[in-house]
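Heads up, run13.cif below (mmCIF, C-alpha atoms):
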```cif
data_run
#
loop_
_atom_site.label_atom_id
_atom_site.label_comp_id
_atom_site.auth_asym_id
_atom_site.auth_seq_id
_atom_site.Cartn_x
_atom_site.Cartn_y
_atom_site.Cartn_z
CA MET A 1 -3.02 -50.63 -35.09
CA GLY A 2 -0.76 -48.27 -33.13
CA THR A 3 0.04 -48.59 -29.44
CA ALA A 4 -2.21 -45.65 -28.46
CA ARG A 5 -5.20 -47.11 -30.31
CA ARG A 6 -4.61 -50.53 -28.77
CA GLN A 7 -4.56 -48.96 -25.29
CA GLU A 8 -7.81 -47.09 -25.97
CA ALA A 9 -9.45 -50.28 -27.27
CA ARG A 10 -8.33 -52.23 -24.22
CA GLN A 11 -9.64 -49.55 -21.88
CA GLY A 12 -12.96 -49.63 -23.72
CA ARG A 13 -13.22 -53.39 -23.39
CA THR A 14 -12.28 -53.22 -19.73
CA SER A 15 -14.94 -50.66 -18.94
CA ARG A 16 -17.63 -53.01 -20.23
CA LYS A 17 -16.58 -55.99 -18.09
CA PRO A 18 -18.78 -56.95 -15.16
CA SER A 19 -17.62 -56.73 -11.60
CA ALA A 20 -15.48 -59.45 -10.09
CA ALA A 21 -18.40 -60.47 -7.89
CA ALA A 22 -20.62 -60.95 -10.93
CA TRP A 23 -18.00 -63.14 -12.55
CA LEU A 24 -17.61 -65.22 -9.38
CA ASN A 25 -21.34 -65.73 -9.04
CA GLY A 26 -21.72 -66.72 -12.68
CA LEU A 27 -24.21 -63.92 -13.29
CA TRP A 28 -22.42 -62.57 -16.37
CA LEU A 29 -22.20 -66.00 -17.97
CA ASP A 30 -25.83 -66.68 -17.13
CA GLN A 31 -26.81 -63.38 -18.78
CA ARG A 32 -24.90 -64.28 -21.95
CA VAL A 33 -26.63 -67.67 -22.08
CA ARG A 34 -30.04 -66.04 -21.76
CA LEU A 35 -29.20 -63.57 -24.54
CA TRP A 36 -27.98 -66.44 -26.72
CA ARG A 37 -31.22 -68.36 -26.25
CA ARG A 38 -33.29 -65.30 -27.18
CA ARG A 39 -31.55 -64.89 -30.54
CA LYS A 40 -33.96 -65.26 -33.42
CA PRO A 41 -33.24 -68.56 -35.17
CA VAL A 42 -32.56 -68.49 -38.87
CA GLY A 43 -35.57 -69.47 -40.92
CA GLY A 44 -35.79 -72.00 -43.71
CA THR A 45 -33.99 -72.04 -47.02
CA ALA A 46 -35.93 -69.04 -48.32
CA ASP A 47 -34.88 -66.94 -45.33
CA VAL A 48 -31.21 -67.84 -45.79
CA ARG A 49 -31.43 -67.26 -49.53
CA ALA A 50 -32.93 -63.78 -49.07
CA LEU A 51 -30.24 -62.75 -46.58
CA LEU A 52 -27.49 -64.11 -48.82
CA ALA A 53 -28.88 -62.26 -51.84
CA ALA A 54 -28.81 -59.00 -49.89
CA ALA A 55 -25.26 -59.70 -48.73
CA GLU A 56 -24.15 -60.52 -52.28
CA ARG A 57 -25.52 -57.23 -53.61
CA GLY A 58 -23.61 -55.33 -50.94
CA HIS A 59 -26.56 -53.00 -50.40
CA ASP A 60 -27.41 -54.35 -46.95
CA ASP A 61 -24.50 -54.68 -44.52
CA GLY A 62 -26.98 -55.84 -41.91
CA ALA A 63 -27.73 -58.99 -43.91
CA ALA A 64 -24.21 -60.35 -43.49
CA ALA A 65 -24.23 -59.46 -39.79
CA THR A 66 -27.57 -61.21 -39.34
CA LEU A 67 -26.29 -64.36 -41.05
CA TYR A 68 -23.23 -64.42 -38.82
CA ASP A 69 -25.32 -63.78 -35.71
CA ARG A 70 -27.71 -66.62 -36.47
CA LEU A 71 -25.37 -69.17 -38.07
CA CYS A 72 -21.93 -68.64 -36.53
CA HIS A 73 -22.37 -66.40 -33.51
CA GLN A 74 -18.91 -65.76 -32.00
CA GLY A 75 -17.69 -69.01 -33.54
CA THR A 76 -20.59 -71.12 -32.26
CA THR A 77 -22.71 -72.98 -34.80
CA THR A 78 -26.09 -74.72 -34.70
CA ALA A 79 -27.64 -77.49 -36.78
CA ALA A 80 -29.11 -74.77 -39.02
CA SER A 81 -25.58 -73.60 -39.88
CA TYR A 82 -24.80 -76.87 -41.64
CA THR A 83 -28.22 -77.14 -43.27
CA ALA A 84 -27.54 -73.73 -44.81
CA LEU A 85 -24.11 -74.65 -46.21
CA PRO A 86 -25.27 -75.51 -49.78
CA GLU A 87 -26.96 -72.11 -50.10
CA ILE A 88 -23.94 -70.34 -48.61
CA PHE A 89 -21.55 -72.17 -50.96
CA SER A 90 -23.68 -71.33 -54.02
CA SER A 91 -23.91 -67.68 -52.99
CA ALA A 92 -20.14 -67.38 -52.53
CA LEU A 93 -19.40 -69.02 -55.86
CA ARG A 94 -21.63 -66.52 -57.67
CA CYS A 95 -19.46 -63.65 -56.42
CA GLN A 96 -16.55 -62.06 -58.21
CA PRO A 97 -13.16 -61.94 -56.43
CA ALA A 98 -13.01 -59.15 -53.86
CA PRO A 99 -11.10 -58.41 -50.63
CA TYR A 100 -14.21 -59.34 -48.65
CA ILE A 101 -17.03 -61.68 -49.76
CA ALA A 102 -19.54 -62.19 -46.95
CA PRO A 103 -20.76 -65.71 -47.88
CA LEU A 104 -17.19 -66.89 -48.54
CA PHE A 105 -16.07 -65.78 -45.08
CA LEU A 106 -19.20 -67.25 -43.50
CA ALA A 107 -18.64 -70.63 -45.18
CA ALA A 108 -15.07 -70.70 -43.89
CA ALA A 109 -16.14 -69.74 -40.37
CA ILE A 110 -18.74 -72.51 -40.19
CA LEU A 111 -16.32 -75.14 -41.49
CA ALA A 112 -13.61 -74.03 -39.03
CA ALA A 113 -15.92 -73.81 -36.00
CA THR A 114 -15.13 -76.20 -33.16
CA ASP A 115 -18.05 -75.18 -30.92
CA ARG A 116 -20.69 -77.11 -32.83
CA PRO A 117 -23.66 -79.33 -31.92
CA ALA A 118 -23.11 -82.93 -30.91
CA GLY A 119 -23.61 -85.29 -33.80
CA ILE A 120 -22.23 -82.99 -36.49
CA ASP A 121 -19.67 -85.04 -38.44
CA ILE A 122 -17.57 -82.27 -39.98
CA ALA A 123 -15.26 -84.72 -41.76
CA ARG A 124 -18.24 -86.30 -43.48
CA LEU A 125 -19.59 -82.88 -44.43
CA ARG A 126 -16.24 -81.99 -45.96
CA ARG A 127 -16.32 -85.17 -48.03
CA THR A 128 -19.90 -84.52 -49.12
CA TYR A 129 -19.10 -80.98 -50.26
CA ALA A 130 -15.54 -81.66 -51.44
CA THR A 131 -16.15 -80.27 -54.93
CA ASP A 132 -17.70 -77.06 -53.60
CA ILE A 133 -14.86 -76.59 -51.13
CA LEU A 134 -12.27 -76.96 -53.88
CA GLU A 135 -14.08 -74.29 -55.88
CA LEU A 136 -14.18 -72.04 -52.83
CA GLU A 137 -10.43 -72.55 -52.37
CA ALA A 138 -9.88 -71.47 -55.97
CA LEU A 139 -12.04 -68.37 -55.45
CA THR A 140 -10.07 -67.49 -52.32
CA VAL A 141 -6.78 -67.78 -54.19
CA ARG A 142 -8.12 -65.41 -56.86
CA CYS A 143 -9.02 -62.99 -54.08
CA LEU A 144 -5.51 -63.25 -52.64
CA ASN A 145 -4.12 -62.24 -56.04
CA LEU A 146 -6.10 -59.01 -56.23
CA PRO A 147 -3.92 -55.90 -56.76
CA ALA A 148 -6.16 -54.12 -54.23
CA LEU A 149 -4.58 -56.23 -51.47
CA HIS A 150 -1.10 -54.83 -52.07
CA GLY A 151 -0.36 -52.61 -49.10
CA ASP A 152 -3.34 -54.04 -47.20
CA PRO A 153 -1.85 -56.74 -44.96
CA GLY A 154 -4.96 -56.95 -42.77
CA SER A 155 -7.28 -57.98 -45.59
CA PHE A 156 -4.68 -60.41 -46.88
CA ILE A 157 -4.37 -62.07 -43.46
CA HIS A 158 -8.14 -62.47 -43.16
CA LEU A 159 -8.22 -64.16 -46.56
CA MET A 160 -5.33 -66.40 -45.54
CA GLN A 161 -7.42 -67.62 -42.65
CA VAL A 162 -10.34 -68.31 -45.00
CA LEU A 163 -8.06 -70.39 -47.20
CA LEU A 164 -6.80 -72.34 -44.19
CA ALA A 165 -10.39 -73.18 -43.24
CA PHE A 166 -11.01 -74.69 -46.66
CA HIS A 167 -7.69 -76.57 -46.37
CA ASP A 168 -8.92 -78.00 -43.04
CA GLU A 169 -6.04 -76.55 -41.03
CA PRO A 170 -7.55 -76.77 -37.53
CA THR A 171 -5.34 -74.38 -35.58
CA TRP A 172 -4.55 -71.35 -37.72
CA SER A 173 -7.93 -71.35 -39.45
CA ARG A 174 -9.17 -70.02 -36.08
CA HIS A 175 -6.19 -68.12 -34.66
CA LEU A 176 -4.58 -66.29 -37.57
CA THR A 177 -7.06 -63.42 -37.80
CA ARG A 178 -5.72 -61.70 -34.66
CA LEU A 179 -2.47 -61.14 -36.52
CA ALA A 180 -4.37 -58.63 -38.67
CA ASP A 181 -5.04 -56.61 -35.48
CA GLY A 182 -1.35 -56.77 -34.60
CA GLU A 183 -2.00 -58.06 -31.08
CA TYR A 184 -2.51 -61.39 -29.32
CA GLU A 185 -3.44 -61.85 -25.67
CA LEU A 186 -1.62 -64.76 -24.04
CA LEU A 187 -0.36 -66.19 -20.78
CA CYS A 188 3.26 -66.74 -19.87
CA PRO A 189 3.58 -70.55 -19.84
CA SER A 190 5.84 -70.33 -16.78
CA CYS A 191 4.50 -67.70 -14.38
CA GLY A 192 0.98 -67.33 -15.80
CA ARG A 193 1.22 -63.55 -16.24
CA ASP A 194 -1.21 -61.96 -18.71
CA LEU A 195 0.83 -60.72 -21.64
CA TYR A 196 0.40 -59.25 -25.11
CA ALA A 197 2.31 -60.16 -28.24
CA VAL A 198 2.38 -56.96 -30.30
CA ILE A 199 3.29 -57.76 -33.89
CA ASP A 200 3.60 -55.11 -36.57
CA PRO A 201 5.68 -55.13 -39.77
CA ASP A 202 8.23 -52.86 -38.09
CA THR A 203 8.37 -54.24 -34.56
CA ALA A 204 7.42 -57.31 -32.51
CA THR A 205 7.45 -57.35 -28.72
CA ILE A 206 6.03 -59.04 -25.64
CA THR A 207 4.54 -56.59 -23.16
CA GLU A 208 2.60 -56.68 -19.90
CA GLY A 209 0.46 -53.75 -21.02
CA TYR A 210 0.53 -50.22 -22.39
CA THR A 211 1.38 -48.00 -19.45
CA PRO A 212 4.76 -46.25 -19.68
CA ALA A 213 6.21 -48.53 -16.99
CA GLU A 214 4.96 -51.67 -18.75
CA GLN A 215 6.30 -50.44 -22.07
CA GLU A 216 9.70 -49.91 -20.44
CA ARG A 217 9.81 -53.64 -19.61
CA ARG A 218 8.68 -54.95 -23.00
CA THR A 219 10.94 -57.53 -24.62
CA PRO A 220 11.64 -58.18 -28.32
CA ILE A 221 10.40 -61.27 -30.13
CA ASP A 222 13.18 -63.18 -31.87
CA PRO A 223 11.80 -64.04 -35.33
CA ALA A 224 11.67 -67.58 -36.64
CA ASP A 225 13.34 -68.70 -39.87
CA PRO A 226 10.34 -70.41 -41.56
CA PRO A 227 12.25 -71.94 -44.52
CA ARG A 228 14.25 -73.97 -41.97
CA THR A 229 11.16 -75.40 -40.26
CA GLY A 230 10.56 -78.10 -42.86
CA GLY A 231 6.94 -77.91 -44.04
CA THR A 232 5.41 -76.59 -40.83
CA ALA A 233 2.56 -74.06 -40.66
CA ALA A 234 5.20 -71.34 -40.29
CA GLU A 235 6.88 -72.30 -43.55
CA ARG A 236 3.59 -72.67 -45.45
CA LEU A 237 2.16 -69.33 -44.29
CA HIS A 238 5.45 -67.53 -44.88
CA ARG A 239 5.67 -68.95 -48.41
CA LEU A 240 2.04 -68.03 -49.12
CA ALA A 241 2.73 -64.42 -48.17
CA LEU A 242 5.90 -64.21 -50.27
CA ASP A 243 4.23 -65.88 -53.26
CA HIS A 244 1.56 -63.17 -53.21
CA ASP A 245 4.00 -60.27 -52.85
CA GLN A 246 3.10 -59.53 -49.22
CA PRO A 247 6.50 -58.91 -47.58
CA GLN A 248 4.95 -57.18 -44.54
CA VAL A 249 2.80 -60.21 -43.79
CA ALA A 250 5.81 -62.50 -44.27
CA VAL A 251 7.73 -60.51 -41.63
CA MET A 252 4.78 -60.70 -39.22
CA ILE A 253 4.63 -64.49 -39.71
CA THR A 254 8.27 -64.80 -38.67
CA ALA A 255 7.43 -62.99 -35.42
CA LEU A 256 4.28 -65.02 -34.78
CA PHE A 257 6.32 -68.22 -34.92
CA GLY A 258 9.30 -66.72 -33.09
CA LEU A 259 10.48 -66.84 -29.49
CA GLY A 260 9.29 -64.36 -26.89
CA THR A 261 10.58 -63.54 -23.42
CA CYS A 262 8.26 -62.90 -20.48
CA PRO A 263 9.06 -59.43 -19.06
CA THR A 264 8.09 -60.67 -15.58
CA CYS A 265 9.93 -63.97 -15.13
CA ARG A 266 12.26 -63.84 -18.18
CA THR A 267 11.15 -67.27 -19.42
CA ARG A 268 11.60 -67.88 -23.14
CA PHE A 269 8.64 -69.41 -24.95
CA SER A 270 7.17 -70.10 -28.38
CA VAL A 271 4.81 -67.25 -29.28
CA ALA A 272 2.73 -69.48 -31.59
CA ASP A 273 2.26 -72.11 -28.86
CA ALA A 274 1.25 -69.44 -26.34
CA VAL A 275 -1.32 -67.73 -28.56
CA THR A 276 -3.00 -71.03 -29.51
CA ALA A 277 -3.00 -72.52 -25.99
CA ASP A 278 -6.35 -73.03 -24.25
CA ARG A 279 -6.94 -70.35 -21.63
#
```
Once more with this new file: its structure as structure tokens, please.
Amino acid sequence: MGTARRQEARQGRTSRKPSAAAWLNGLWLDQRVRLWRRRKPVGGTADVRALLAAAERGHDDGAAATLYDRLCHQGTTTAASYTALPEIFSSALRCQPAPYIAPLFLAAAILAATDRPAGIDIARLRRTYATDILELEALTVRCLNLPALHGDPGSFIHLMQVLLAFHDEPTWSRHLTRLADGEYELLCPSCGRDLYAVIDPDTATITEGYTPAEQERRTPIDPADPPRTGGTAAERLHRLALDHDQPQVAVMITALFGLGTCPTCRTRFSVADAVTADR
């Protein structure tokens, strides 16, 4: 995504934010909670099966959106999400490799979710469905090998995150997808300034924003050298990209795990640590 498009997107998001007073009074949060509680719950097995069948056929884009909305809404799961896993796994495994498989992505999102109901033992669920998860890993690898992904770094990055979810990698199975957008929002760990890490195959910078003055102050990200990191996430992701002939993604990984400089206070910091820090 280019700088102009990012600025337009940010302006659009900003225009939809509530007033500061609403935030302070908790009204916006309260509204979101009420909307969440009014969401139609997913039905029984037959309901899930019908939605999955429609998503598999690819004739009903709304089916996949409905499944996400009811089973993994903005990364939040319910007890029904885990009850539905066998049907979701079976649906995904019936699909042929493709850049996007709705039930495959949904299965990964549910397994990677950290905002889940109390009492859900995700480690036990992973043991119970270990065979299915291994088969889903294999399907994801076949997807990563598709010729259609050459020259499509965004789709490749999304599939990388799916694979990480099946591998039970807790951090990057939730945070890698923003790399496909080419932008992370973060805070300077020293002065607390809101910043953006802008990472494209051709350039990687830390910026305060997208006005001309802010762009004047942007600072370059010094890329990491993943092969020297000794088996870390940086090395594994970098190797995965190179093994699948994705040099653009490999370059972006070096920036994601590189060192940035805050344009405001000039503090040097790990970009990866900043983008995964709790805000």
Counting all atoms listed in the file, which of A:Phe89, A:Tyr100, A:Phe156, A:Phe105 gets nearest to Pro247 (chain A)?
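With all atoms listed in the file as the atom set, the closest residue is A:Phe156.
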I need the residue set behind the PyMOL selection byres ((chain A and resi 97) around 6) for this file; please write it as number ranges by chain.
A: 96, 98, 143
Counting only C-alpha atoms, the residue among A:Leu186, A:Ala165, A:Ala234, A:Val198 that lies closest to Val275 (chain A) is A:Leu186
Residues picked by the PyMOL selection byres ((chain A and resi 263) around 8) here, as an NGL selection string?
:A and (206-208 or 217-219 or 261-262 or 264-266)
Near-Ala277 (chain A) list (10 Å; only C-alpha atoms; drop same-chain fewer than 6 positions) as a PDB file with C-alpha atoms, in the coordinates of the input:
```
ATOM      1  CA  LEU A 186      -1.620 -64.760 -24.040  1.00  0.00           C
ATOM      2  CA  LEU A 187      -0.360 -66.190 -20.780  1.00  0.00           C
ATOM      3  CA  PRO A 189       3.580 -70.550 -19.840  1.00  0.00           C
ATOM      4  CA  VAL A 271       4.810 -67.250 -29.280  1.00  0.00           C
TER       5      VAL A 271
END
```
Residues within 9 Å of (-10.3, -70.1, -35.9), counting all atoms listed in the file, listed as a list in words:
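Protein, DNA and RNA residues close to (-10.3, -70.1, -35.9): Gly75, Ala109, Ala112, Ala113, Thr114, Gln161, Ala165, Pro170, Thr171, Trp172, Ser173, Arg174, His175, Leu176 and Thr177 of chain A.
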Give me the residues within 10 Å of Thr254 (chain A) as a count of residues only, counting all atoms listed in the file and dropping any in the same chain fewer than 5 places off.
14
Quick one: everything within 9 Å of Leu240 (chain A), counting only C-alpha atoms, minus sequence neighbours fewer than 6 positions away in the same chain. Send it as a VMD selection string.
chain A and resid 160 246 250
Kindly list the centre and edge lengths in Å, rounded to one decimal, for the axis-aligned box that covers all listed atoms of region 89-95 of chain A plus 3 Å on each of its six sides, as lines of an AutoDock Vina configuration file.
```
center_x = -21.7
center_y = -67.9
center_z = -54.3
size_x = 10.5
size_y = 14.5
size_z = 12.7
```
Between A:Cys188, A:Leu136, A:Met252, A:Ala65, single out the one closest to Pro201 (chain A), counting only C-alpha atoms.
A:Met252
For CA of Tyr82 (chain A) and CA of Leu159 (chain A), determine how far apart the two atoms are, in Å to one decimal place.
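One can read the CA of Tyr82 (chain A) to CA of Leu159 (chain A) distance as 21.5 Å.
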Report, in Å with one decimal, the straight-line distance from CA of Pro99 (chain A) to CA of Val162 (chain A).
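Computing the Euclidean distance for CA of Pro99 (chain A) and CA of Val162 (chain A) yields 11.4 Å.
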Work out how far apart CA of Leu106 (chain A) and CA of Arg124 (chain A) are and give it in Å to one decimal.
19.1 Å
Counting only C-alpha atoms, which of A:Asp243, A:Ile157, A:Arg116, A:His167 gets nearest to Ala130 (chain A)?
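Result for the nearest residue to Ala130 (chain A): A:His167.
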What residues come out when you apply the PyMOL selection byres ((chain A and resi 63) around 10) to this file, written as an MDAnalysis selection string?
chainID A and resid 48 50:56 58:62 64:69 102
Selection file, C-alpha atoms, as a PDB file, keeping the file's coordinate frame:
```pdb
ATOM      1  CA  VAL A  48     -31.210 -67.840 -45.790  1.00  0.00           C
ATOM      2  CA  ALA A  50     -32.930 -63.780 -49.070  1.00  0.00           C
ATOM      3  CA  LEU A  51     -30.240 -62.750 -46.580  1.00  0.00           C
ATOM      4  CA  LEU A  52     -27.490 -64.110 -48.820  1.00  0.00           C
ATOM      5  CA  ALA A  53     -28.880 -62.260 -51.840  1.00  0.00           C
ATOM      6  CA  ALA A  54     -28.810 -59.000 -49.890  1.00  0.00           C
ATOM      7  CA  ALA A  55     -25.260 -59.700 -48.730  1.00  0.00           C
ATOM      8  CA  GLU A  56     -24.150 -60.520 -52.280  1.00  0.00           C
ATOM      9  CA  GLY A  58     -23.610 -55.330 -50.940  1.00  0.00           C
ATOM     10  CA  HIS A  59     -26.560 -53.000 -50.400  1.00  0.00           C
ATOM     11  CA  ASP A  60     -27.410 -54.350 -46.950  1.00  0.00           C
ATOM     12  CA  ASP A  61     -24.500 -54.680 -44.520  1.00  0.00           C
ATOM     13  CA  GLY A  62     -26.980 -55.840 -41.910  1.00  0.00           C
ATOM     14  CA  ALA A  64     -24.210 -60.350 -43.490  1.00  0.00           C
ATOM     15  CA  ALA A  65     -24.230 -59.460 -39.790  1.00  0.00           C
ATOM     16  CA  THR A  66     -27.570 -61.210 -39.340  1.00  0.00           C
ATOM     17  CA  LEU A  67     -26.290 -64.360 -41.050  1.00  0.00           C
ATOM     18  CA  TYR A  68     -23.230 -64.420 -38.820  1.00  0.00           C
ATOM     19  CA  ASP A  69     -25.320 -63.780 -35.710  1.00  0.00           C
ATOM     20  CA  ALA A 102     -19.540 -62.190 -46.950  1.00  0.00           C
TER      21      ALA A 102
END
```
Hey, which of A:Ala274, A:Ala79, A:Arg70, A:His244 ends up closest to Ala118 (chain A)? Count all atoms listed in the file.
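Among the listed residues, the smallest separation from Ala118 (chain A) belongs to A:Ala79.
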Among the residues A:Asp200, A:Leu149, A:Asp168, A:Phe257, the one that comes closest to Leu111 (chain A) [using all atoms listed in the file]:
A:Asp168
